[in-house]
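Student: Can you read through this structure? Questions will come right after.
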Amino acid sequence: MSSNNNESSNKQQQNIEHADLLTKSLILSHEDFEKISTLLTKEFDRGLRSTKDSIVKMYLTYVRSLPNREEHGRYLALDLGGTNVRVLLLEFHGPPSLLSLKSSQRRQQQQQQEPKKPPIEIIDSSMKPIPTEIFHGTGQQLFDFIAEFIVEFALRNKLAGVRIALGFTFSFPVVQQGLAEATLVTWTKAFNCPGVVGNDVVRLLKASLKRKTHHSIPFIDVVAIINDTTGTLIYGALQDKNCGIGLIVGTGSNACYVEYLSKIEKWPFNYSDPKQVVINCECGAFGDNHVIDWALTNWDRRLNYESLNLNKQIHEKLISGMYLPEILRRCLLTLIELGIVFEGKTPIELFRPYSIKTKYMSFIDQDNENDENNFPNTRKALADMFNSKNPLFKNGFSDSDVKIIHMINRRITKRSANFVANALWTLAIRIDNVDVAIAYDGSLICLHPYYRSWVEEKLNEFIKKTGIKKRFRLIHANDGSLYGAAIVAAICYREKRPKFIKKRGKIYEITRF
Ligand code: GLC
C-alpha cells in the first residue's frame, strides 16, 4: 500500500472515530429510559387528574365499547391526519335481526354465523391528496374540500336518499365533550389552517356537508370522531381481544389505551357500564415542559427552535417520520462543518430544511453495521439524494462517509424505536393483564426493516430488567385509522340496536334510539 493510500485510510478511520464520539449523545442507556419512563408515568397520572393542568393530556375519547362482531350494516369512514384525505364505505355482516326467527332457528343461525374472520366487506374506498392551496388555506376551505369529496364518493356509491352514519378520524389533539363533539386544541404535524383551533370540528364538517349537499344527496350523519390511535386500537381489538394499546408511528406519533373509569379522576360522569374508556394520550407532547431536556442533543434543540411549533411535541420530534430526517440533516451539517464528512463541503441539497425524505432512512437502515458489501443501500440513497454532477461525488462516496452516515442514521432511528418502546412499556404497566396486544400502524414502523423488532427488543429488555411479567403481541392494524372510524360508527349503532325481551313465551323487540 502506498503511503498516500495509508494516509487516506488513516484519515478515514479518524473521521469514523470522531463521528462516533460526536454522535454518542444520540444513544441513551437503559437507565436513561427507566428515568424517562418514571417521568412519563408522572405525566400520565397528571393527565388523568386534569386536562387543564397537564402536558400529556390523556384525552377522554368517549369510546367505551370495543367491537364484538355483532356490528351490522353499512357505514362510512373519513380519515384526515396526513397529506391525504381518505373515505371508505364498509359493510359489517354481524348476525341479522333475531326477531323474525323461531328460537330453534335462532340458535342454529347463531351457531352457523359464528364468524372466523372479521366480518367486514369493503364496498368502496377513495383517497385524495390535499392540494397545497387548501393545505395553506382556511379551515372552512379545508372542510368544504373534504365535504365535496365525501359527497362525490357517496353519489358514486348510489347513496342518494339514504341515511348513513359516518365515523370521522381526525388525528390531532381535541378535547371531546362527547363521542361526536371535539374542539381542536392545536394543530400538529404540518397543518396550520386558521379558523379551526377552538372550534368543534364535527360542527365544521357538518356545516360544510350541509353547504355541499342538496335534496337528492344522502343524509350523512357524523356519529363519532376518533383519533387515528383509537381507530388502530379498535381495529386491533377485532383481531385480538387482549388488544389494549393503539400506536401510530408515521408522520406523527401517539398512543392510546383502554383505562378503567375508576382510575380516571377527571371522568365527569358516573361509573356505569362499560367501566372503561379509551384514552388518547397525545404523548407526542411529552417533554413540552422541559422534563426530558437533558436527553436531547443540540440537533434536537435546534430543530425544535426552528420548527413551526416551538417547544411543542418534543417527544414526537424525537420519534416521528416527519422529524427524523431533519435530525439527520442537521447532524450531517455539523459533521461536514468539522470536515469529518464530504471533505467539509456541503452539497447544496442539504441546505434546505426537511429536504431528506423519510424513506431514505429506512432504506439506509437495511444495510448492516458491519456490512461486508460496503453499504450498498446507503450508497444508493446518497446517489439519489444528491446531484450526480456535483464534482464532490465524481468518484462516488468514500467508505468512511458511507459508514458514518449509516451509523448516525441508525442511531437516530433506533433512538426513536427506543422512545416508542419506552412509552408502550409505561402504558403496559398500567394495564392489569399480563398479555398485552398492541395494535400499530404508520409509515415509519411499517416500512422500516427493523423498527418493529427494535421496539420488541427494548420491551423485552424492560421485562428482563424490571422482573414485571408481561407478554407483548404486536399486531399490524393496517389502515386501522380508517377501519376504526367505521367500526366505531357501527358500535354506536350496535349499542342502540333493538334489544329483545321475552314475555309470556314470546320475544319482543324494544328499540332504544
Ligand atoms: C400527532 C397528533 C395526534 C396523532 C399523531 C399520529 O401527534 O397530534 O393526534 O395521533 O400525530 O398521527
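Chain lettering (A, B, ...) mirrors the order of the C-alpha cells, residue numbering begins at 1 for each chain separately, and ligand numbering begins at 1 in order of display.
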Give me the residues near A:Thr426 as a CSV table (one decimal) with N, CA, C and O atoms, in the first residue's frame, where near means some atom within 10 Å (using only C-alpha atoms) and where sequence neighbours in that chain fewer than 4 positions away do not count.
Tutor:
```csv
chain,number,residue,atom,x,y,z
A,34,GLU,N,-35.3,4.2,31.9
A,34,GLU,CA,-36.1,4.0,33.1
A,34,GLU,C,-36.5,5.3,33.7
A,34,GLU,O,-37.6,5.5,34.2
A,36,ILE,N,-36.8,8.1,32.1
A,36,ILE,CA,-37.8,8.7,31.2
A,36,ILE,C,-39.2,8.1,31.4
A,36,ILE,O,-40.2,8.8,31.5
A,37,SER,N,-39.2,6.8,31.7
A,37,SER,CA,-40.5,6.1,31.9
A,37,SER,C,-41.1,6.6,33.2
A,37,SER,O,-42.3,6.8,33.3
A,38,THR,N,-40.3,6.8,34.3
A,38,THR,CA,-40.8,7.4,35.5
A,38,THR,C,-41.4,8.8,35.3
A,38,THR,O,-42.5,9.1,35.8
A,39,LEU,N,-40.7,9.6,34.5
A,39,LEU,CA,-41.2,10.9,34.2
A,39,LEU,C,-42.5,10.8,33.4
A,39,LEU,O,-43.5,11.6,33.7
A,40,LEU,N,-42.6,9.9,32.5
A,40,LEU,CA,-43.8,9.8,31.7
A,40,LEU,C,-45.0,9.3,32.5
A,40,LEU,O,-46.1,9.8,32.4
A,41,THR,N,-44.7,8.4,33.5
A,41,THR,CA,-45.8,7.9,34.4
A,41,THR,C,-46.4,9.1,35.1
A,41,THR,O,-47.6,9.2,35.2
A,44,PHE,N,-48.6,11.0,32.8
A,44,PHE,CA,-49.9,10.2,32.6
A,44,PHE,C,-50.8,10.4,33.7
A,44,PHE,O,-52.0,10.7,33.6
A,420,VAL,N,-40.3,4.9,21.6
A,420,VAL,CA,-41.6,4.3,21.4
A,420,VAL,C,-41.8,3.1,22.4
A,420,VAL,O,-42.9,3.0,23.1
A,421,ALA,N,-40.8,2.2,22.4
A,421,ALA,CA,-40.9,1.1,23.4
A,421,ALA,C,-41.1,1.6,24.8
A,421,ALA,O,-41.9,1.0,25.6
A,422,ASN,N,-40.4,2.6,25.1
A,422,ASN,CA,-40.5,3.1,26.5
A,422,ASN,C,-41.9,3.6,26.8
A,422,ASN,O,-42.4,3.3,27.9
A,430,ARG,N,-49.6,-0.1,33.3
A,430,ARG,CA,-50.9,0.4,33.9
A,430,ARG,C,-52.0,-0.6,33.6
A,430,ARG,O,-53.1,-0.5,34.1
A,431,ILE,N,-51.8,-1.5,32.7
A,431,ILE,CA,-52.8,-2.5,32.3
A,431,ILE,C,-52.7,-3.8,33.1
A,431,ILE,O,-51.6,-4.3,33.3
A,462,PHE,N,-37.0,-4.3,29.1
A,462,PHE,CA,-37.8,-3.8,30.2
A,462,PHE,C,-38.3,-4.9,31.1
A,462,PHE,O,-38.2,-4.9,32.3
```
Student: Please identify the residues whose atoms come within 7 Å of ligand 1, using only C-alpha atoms and all ligand atoms, and report them as an mmCIF file with N, CA, C and O atoms, in the first residue's frame.
Tutor:
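The file below, selection_13.cif, is the result:
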```cif
data_model
loop_
_atom_site.group_PDB
_atom_site.id
_atom_site.type_symbol
_atom_site.label_atom_id
_atom_site.label_comp_id
_atom_site.auth_asym_id
_atom_site.auth_seq_id
_atom_site.Cartn_x
_atom_site.Cartn_y
_atom_site.Cartn_z
ATOM 1 N N GLY A 81 -55.564 13.348 8.552
ATOM 2 C CA GLY A 81 -54.481 13.335 9.534
ATOM 3 C C GLY A 81 -53.126 13.544 8.891
ATOM 4 O O GLY A 81 -52.169 13.944 9.529
ATOM 5 N N SER A 171 -56.853 13.202 13.274
ATOM 6 C CA SER A 171 -55.675 12.851 14.070
ATOM 7 C C SER A 171 -54.904 14.061 14.582
ATOM 8 O O SER A 171 -53.748 14.309 14.186
ATOM 9 N N PHE A 172 -55.572 14.781 15.442
ATOM 10 C CA PHE A 172 -54.982 15.967 16.080
ATOM 11 C C PHE A 172 -55.524 16.045 17.502
ATOM 12 O O PHE A 172 -56.542 15.414 17.805
ATOM 13 N N PRO A 173 -54.870 16.839 18.363
ATOM 14 C CA PRO A 173 -55.366 16.897 19.747
ATOM 15 C C PRO A 173 -56.699 17.630 19.844
ATOM 16 O O PRO A 173 -56.788 18.805 19.458
ATOM 17 N N THR A 188 -51.161 19.991 14.822
ATOM 18 C CA THR A 188 -49.808 19.417 14.934
ATOM 19 C C THR A 188 -49.365 19.017 13.525
ATOM 20 O O THR A 188 -50.065 19.282 12.553
ATOM 21 N N LYS A 189 -48.238 18.376 13.422
ATOM 22 C CA LYS A 189 -47.628 17.969 12.149
ATOM 23 C C LYS A 189 -47.526 19.209 11.245
ATOM 24 O O LYS A 189 -47.209 20.280 11.736
ATOM 25 N N ASN A 227 -59.496 9.576 17.168
ATOM 26 C CA ASN A 227 -58.106 9.787 16.808
ATOM 27 C C ASN A 227 -57.610 8.554 16.026
ATOM 28 O O ASN A 227 -58.187 7.470 16.165
ATOM 29 N N ASP A 228 -56.529 8.715 15.244
ATOM 30 C CA ASP A 228 -56.032 7.548 14.483
ATOM 31 C C ASP A 228 -55.555 6.421 15.397
ATOM 32 O O ASP A 228 -55.683 5.232 15.072
ATOM 33 N N THR A 229 -55.018 6.775 16.578
ATOM 34 C CA THR A 229 -54.571 5.718 17.504
ATOM 35 C C THR A 229 -55.777 4.911 17.974
ATOM 36 O O THR A 229 -55.715 3.687 18.075
ATOM 37 N N ILE A 248 -49.413 4.771 16.794
ATOM 38 C CA ILE A 248 -49.099 5.273 15.451
ATOM 39 C C ILE A 248 -47.667 5.808 15.454
ATOM 40 O O ILE A 248 -47.288 6.598 16.329
ATOM 41 N N VAL A 249 -46.864 5.315 14.502
ATOM 42 C CA VAL A 249 -45.546 5.913 14.280
ATOM 43 C C VAL A 249 -45.434 6.171 12.779
ATOM 44 O O VAL A 249 -45.071 5.296 11.996
ATOM 45 N N GLY A 250 -45.815 7.371 12.394
ATOM 46 C CA GLY A 250 -45.756 7.758 10.988
ATOM 47 C C GLY A 250 -45.248 9.176 10.927
ATOM 48 O O GLY A 250 -44.225 9.504 11.553
ATOM 49 N N THR A 251 -45.975 10.032 10.204
ATOM 50 C CA THR A 251 -45.605 11.448 10.158
ATOM 51 C C THR A 251 -45.596 12.012 11.579
ATOM 52 O O THR A 251 -44.734 12.783 11.967
ATOM 53 N N GLY A 252 -46.615 11.613 12.352
ATOM 54 C CA GLY A 252 -46.664 11.968 13.766
ATOM 55 C C GLY A 252 -46.545 10.713 14.593
ATOM 56 O O GLY A 252 -46.418 9.611 14.053
ATOM 57 N N SER A 253 -46.572 10.868 15.911
ATOM 58 C CA SER A 253 -46.559 9.669 16.732
ATOM 59 C C SER A 253 -47.375 9.893 17.996
ATOM 60 O O SER A 253 -47.363 10.978 18.582
ATOM 61 N N ASN A 254 -48.091 8.840 18.400
ATOM 62 C CA ASN A 254 -49.015 8.964 19.519
ATOM 63 C C ASN A 254 -49.489 7.567 19.909
ATOM 64 O O ASN A 254 -49.299 6.612 19.151
ATOM 65 N N ALA A 255 -50.093 7.467 21.092
ATOM 66 C CA ALA A 255 -50.638 6.188 21.533
ATOM 67 C C ALA A 255 -51.912 6.406 22.325
ATOM 68 O O ALA A 255 -52.155 7.499 22.840
ATOM 69 N N GLU A 282 -52.055 11.541 23.587
ATOM 70 C CA GLU A 282 -51.339 12.660 22.953
ATOM 71 C C GLU A 282 -49.942 12.760 23.580
ATOM 72 O O GLU A 282 -49.494 13.830 24.016
ATOM 73 N N GLY A 284 -47.201 12.650 22.211
ATOM 74 C CA GLY A 284 -46.239 13.428 21.428
ATOM 75 C C GLY A 284 -45.828 14.700 22.159
ATOM 76 O O GLY A 284 -44.757 15.258 21.912
ATOM 77 N N GLU A 316 -42.670 13.773 20.108
ATOM 78 C CA GLU A 316 -42.930 13.467 18.699
ATOM 79 C C GLU A 316 -41.724 13.845 17.832
ATOM 80 O O GLU A 316 -41.393 13.154 16.870
#
```
Student: If you run DSSP on the backbone here, which positions in stretch 58-267 of chain A get alpha helix (DSSP H)? Please write them as a PyMOL selection string.
Tutor: chain A and resi 103-113+132-135+139-156+201-212+228-239
Student: Separation of atom CA of A:His315 and atom CA of A:Gly287, in Å?
Tutor: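 One can read the atom CA of A:His315 to atom CA of A:Gly287 distance as 6.0 Å.
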Student: Tell me which of A:Leu21, A:Leu179, A:Ile348, A:Ile319 sits closest to A:Leu333, counting only C-alpha atoms.
Tutor: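 Using only C-alpha atoms, the shortest distance to A:Leu333 belongs to A:Ile348.
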Student: Check stretch 285-508 of chain A with DSSP on the backbone and list each residue it calls strand (DSSP E), as a count of residues only.
Tutor: 21
Student: Which of these residues is nearest to A:Leu238, using only C-alpha atoms: A:Thr169, A:Ser65, A:Asn409, A:Ser320?
Tutor: A:Ser65
Student: Show me, as a ChimeraX atom specification, the residues that have an atom within 6 Å of stretch 472-486 of chain A when counting only C-alpha atoms, minus same-chain residues fewer than 4 positions from it.
Tutor: /A:75-77,79,167-169,228,231-232,234-236,436-441
Student: Include N, CA and C atoms and write out the residues we just selected as a PDB file, in the first residue's frame.
Tutor:
```
ATOM      1  N   TYR A  75     -71.575   1.539   6.689  1.00  0.00           N
ATOM      2  CA  TYR A  75     -71.101   2.761   7.345  1.00  0.00           C
ATOM      3  C   TYR A  75     -70.034   3.428   6.494  1.00  0.00           C
ATOM      4  N   LEU A  76     -69.923   4.748   6.692  1.00  0.00           N
ATOM      5  CA  LEU A  76     -68.861   5.493   6.023  1.00  0.00           C
ATOM      6  C   LEU A  76     -67.763   5.817   7.030  1.00  0.00           C
ATOM      7  N   ALA A  77     -66.525   5.899   6.556  1.00  0.00           N
ATOM      8  CA  ALA A  77     -65.422   6.348   7.407  1.00  0.00           C
ATOM      9  C   ALA A  77     -64.669   7.430   6.656  1.00  0.00           C
ATOM     10  N   ASP A  79     -61.053   9.882   6.965  1.00  0.00           N
ATOM     11  CA  ASP A  79     -59.786   9.959   7.687  1.00  0.00           C
ATOM     12  C   ASP A  79     -59.013  11.201   7.259  1.00  0.00           C
ATOM     13  N   GLY A 167     -68.147   7.673  10.613  1.00  0.00           N
ATOM     14  CA  GLY A 167     -67.155   7.828  11.680  1.00  0.00           C
ATOM     15  C   GLY A 167     -66.002   8.640  11.117  1.00  0.00           C
ATOM     16  N   PHE A 168     -65.546   9.632  11.883  1.00  0.00           N
ATOM     17  CA  PHE A 168     -64.553  10.584  11.388  1.00  0.00           C
ATOM     18  C   PHE A 168     -63.259  10.429  12.192  1.00  0.00           C
ATOM     19  N   THR A 169     -62.182  10.052  11.516  1.00  0.00           N
ATOM     20  CA  THR A 169     -60.881  10.019  12.190  1.00  0.00           C
ATOM     21  C   THR A 169     -60.169  11.330  11.936  1.00  0.00           C
ATOM     22  N   ASP A 228     -56.529   8.715  15.244  1.00  0.00           N
ATOM     23  CA  ASP A 228     -56.032   7.548  14.483  1.00  0.00           C
ATOM     24  C   ASP A 228     -55.555   6.421  15.397  1.00  0.00           C
ATOM     25  N   GLY A 231     -58.616   4.468  16.357  1.00  0.00           N
ATOM     26  CA  GLY A 231     -59.046   3.633  15.233  1.00  0.00           C
ATOM     27  C   GLY A 231     -58.192   2.380  15.148  1.00  0.00           C
ATOM     28  N   THR A 232     -56.896   2.560  15.335  1.00  0.00           N
ATOM     29  CA  THR A 232     -55.960   1.441  15.245  1.00  0.00           C
ATOM     30  C   THR A 232     -56.238   0.426  16.355  1.00  0.00           C
ATOM     31  N   ILE A 234     -59.074  -0.014  17.961  1.00  0.00           N
ATOM     32  CA  ILE A 234     -60.375  -0.629  17.713  1.00  0.00           C
ATOM     33  C   ILE A 234     -60.253  -1.728  16.656  1.00  0.00           C
ATOM     34  N   TYR A 235     -59.515  -1.448  15.620  1.00  0.00           N
ATOM     35  CA  TYR A 235     -59.339  -2.433  14.553  1.00  0.00           C
ATOM     36  C   TYR A 235     -58.542  -3.635  15.082  1.00  0.00           C
ATOM     37  N   GLY A 236     -57.528  -3.337  15.908  1.00  0.00           N
ATOM     38  CA  GLY A 236     -56.733  -4.411  16.524  1.00  0.00           C
ATOM     39  C   GLY A 236     -57.595  -5.285  17.420  1.00  0.00           C
ATOM     40  N   VAL A 436     -50.559  -8.369  26.709  1.00  0.00           N
ATOM     41  CA  VAL A 436     -50.977  -7.076  26.152  1.00  0.00           C
ATOM     42  C   VAL A 436     -50.730  -7.089  24.652  1.00  0.00           C
ATOM     43  N   ALA A 437     -51.814  -6.968  23.893  1.00  0.00           N
ATOM     44  CA  ALA A 437     -51.641  -6.849  22.442  1.00  0.00           C
ATOM     45  C   ALA A 437     -51.620  -5.367  22.095  1.00  0.00           C
ATOM     46  N   ILE A 438     -50.699  -5.014  21.209  1.00  0.00           N
ATOM     47  CA  ILE A 438     -50.542  -3.617  20.800  1.00  0.00           C
ATOM     48  C   ILE A 438     -50.828  -3.536  19.304  1.00  0.00           C
ATOM     49  N   ALA A 439     -51.844  -2.776  18.944  1.00  0.00           N
ATOM     50  CA  ALA A 439     -52.139  -2.602  17.518  1.00  0.00           C
ATOM     51  C   ALA A 439     -51.351  -1.391  17.025  1.00  0.00           C
ATOM     52  N   TYR A 440     -50.626  -1.551  15.939  1.00  0.00           N
ATOM     53  CA  TYR A 440     -49.816  -0.431  15.460  1.00  0.00           C
ATOM     54  C   TYR A 440     -50.061  -0.175  13.976  1.00  0.00           C
ATOM     55  N   ASP A 441     -49.765   1.053  13.585  1.00  0.00           N
ATOM     56  CA  ASP A 441     -49.780   1.409  12.169  1.00  0.00           C
ATOM     57  C   ASP A 441     -48.932   2.672  12.003  1.00  0.00           C
TER      58      ASP A 441
END
```
Student: As number ranges by chain, please: the residues near stretch 383-390 of chain A (cut-off 10 Å, only C-alpha atoms, same-chain neighbours under 3 positions excluded).
Tutor: A: 347-350, 355-357, 360, 377-380, 393-397
Student: Could the residues in this selection be written to a file with N, CA and C atoms, as an mmCIF file, in the first residue's frame?
Tutor:
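Here's the written file result_34.cif:
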```cif
data_model
loop_
_atom_site.group_PDB
_atom_site.id
_atom_site.type_symbol
_atom_site.label_atom_id
_atom_site.label_comp_id
_atom_site.auth_asym_id
_atom_site.auth_seq_id
_atom_site.Cartn_x
_atom_site.Cartn_y
_atom_site.Cartn_z
ATOM 1 N N PRO A 347 -23.097 19.608 0.183
ATOM 2 C CA PRO A 347 -23.895 19.545 -1.058
ATOM 3 C C PRO A 347 -25.101 20.478 -0.906
ATOM 4 N N ILE A 348 -25.451 21.160 -1.988
ATOM 5 C CA ILE A 348 -26.467 22.214 -1.915
ATOM 6 C C ILE A 348 -27.810 21.695 -1.370
ATOM 7 N N GLU A 349 -28.125 20.429 -1.682
ATOM 8 C CA GLU A 349 -29.415 19.865 -1.253
ATOM 9 C C GLU A 349 -29.577 19.894 0.259
ATOM 10 N N LEU A 350 -28.455 19.848 0.972
ATOM 11 C CA LEU A 350 -28.557 19.759 2.429
ATOM 12 C C LEU A 350 -28.851 21.106 3.102
ATOM 13 N N SER A 355 -35.262 18.545 3.716
ATOM 14 C CA SER A 355 -35.057 18.107 2.330
ATOM 15 C C SER A 355 -34.835 16.601 2.223
ATOM 16 N N ILE A 356 -34.497 15.944 3.331
ATOM 17 C CA ILE A 356 -34.263 14.490 3.245
ATOM 18 C C ILE A 356 -35.587 13.758 3.436
ATOM 19 N N LYS A 357 -35.846 12.784 2.576
ATOM 20 C CA LYS A 357 -37.113 12.035 2.692
ATOM 21 C C LYS A 357 -36.954 10.879 3.693
ATOM 22 N N TYR A 360 -35.584 7.338 2.755
ATOM 23 C CA TYR A 360 -34.151 7.059 2.651
ATOM 24 C C TYR A 360 -33.611 6.485 3.954
ATOM 25 N N ASN A 377 -27.083 0.011 0.108
ATOM 26 C CA ASN A 377 -28.280 0.867 0.157
ATOM 27 C C ASN A 377 -27.930 2.297 0.512
ATOM 28 N N THR A 378 -26.975 2.441 1.411
ATOM 29 C CA THR A 378 -26.580 3.793 1.823
ATOM 30 C C THR A 378 -26.010 4.526 0.603
ATOM 31 N N ARG A 379 -25.201 3.820 -0.171
ATOM 32 C CA ARG A 379 -24.622 4.442 -1.374
ATOM 33 C C ARG A 379 -25.722 4.834 -2.364
ATOM 34 N N LYS A 380 -26.688 3.917 -2.519
ATOM 35 C CA LYS A 380 -27.778 4.203 -3.463
ATOM 36 C C LYS A 380 -28.600 5.397 -2.999
ATOM 37 N N PHE A 393 -18.774 14.329 -5.789
ATOM 38 C CA PHE A 393 -19.121 12.909 -5.807
ATOM 39 C C PHE A 393 -18.719 12.223 -7.114
ATOM 40 N N LYS A 394 -17.778 12.829 -7.843
ATOM 41 C CA LYS A 394 -17.467 12.255 -9.168
ATOM 42 C C LYS A 394 -16.886 10.837 -9.054
ATOM 43 N N ASN A 395 -16.246 10.552 -7.901
ATOM 44 C CA ASN A 395 -15.744 9.184 -7.719
ATOM 45 C C ASN A 395 -16.617 8.379 -6.758
ATOM 46 N N GLY A 396 -17.854 8.787 -6.651
ATOM 47 C CA GLY A 396 -18.745 8.084 -5.706
ATOM 48 C C GLY A 396 -18.534 8.618 -4.285
ATOM 49 N N PHE A 397 -18.922 7.809 -3.302
ATOM 50 C CA PHE A 397 -18.845 8.247 -1.907
ATOM 51 C C PHE A 397 -17.742 7.473 -1.191
#
```
Student: Find the distance between atom CA of A:Ser8 and atom CA of A:Glu343 and write it in Å to one decimal.
Tutor: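 Going from atom CA of A:Ser8 over to atom CA of A:Glu343, I get 11.7 Å.
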Student: Distance atom CA of A:His30-atom CA of A:Arg452, one decimal place?
Tutor: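 So the answer is 18.1 Å.
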Student: Contacts of A:Glu152 at 12 Å or less, counting only C-alpha atoms, minus same-chain residues fewer than 3 places along, as number ranges by chain?
Tutor: A: 87, 125-128, 145-149, 155-160, 209, 212-213, 217-218
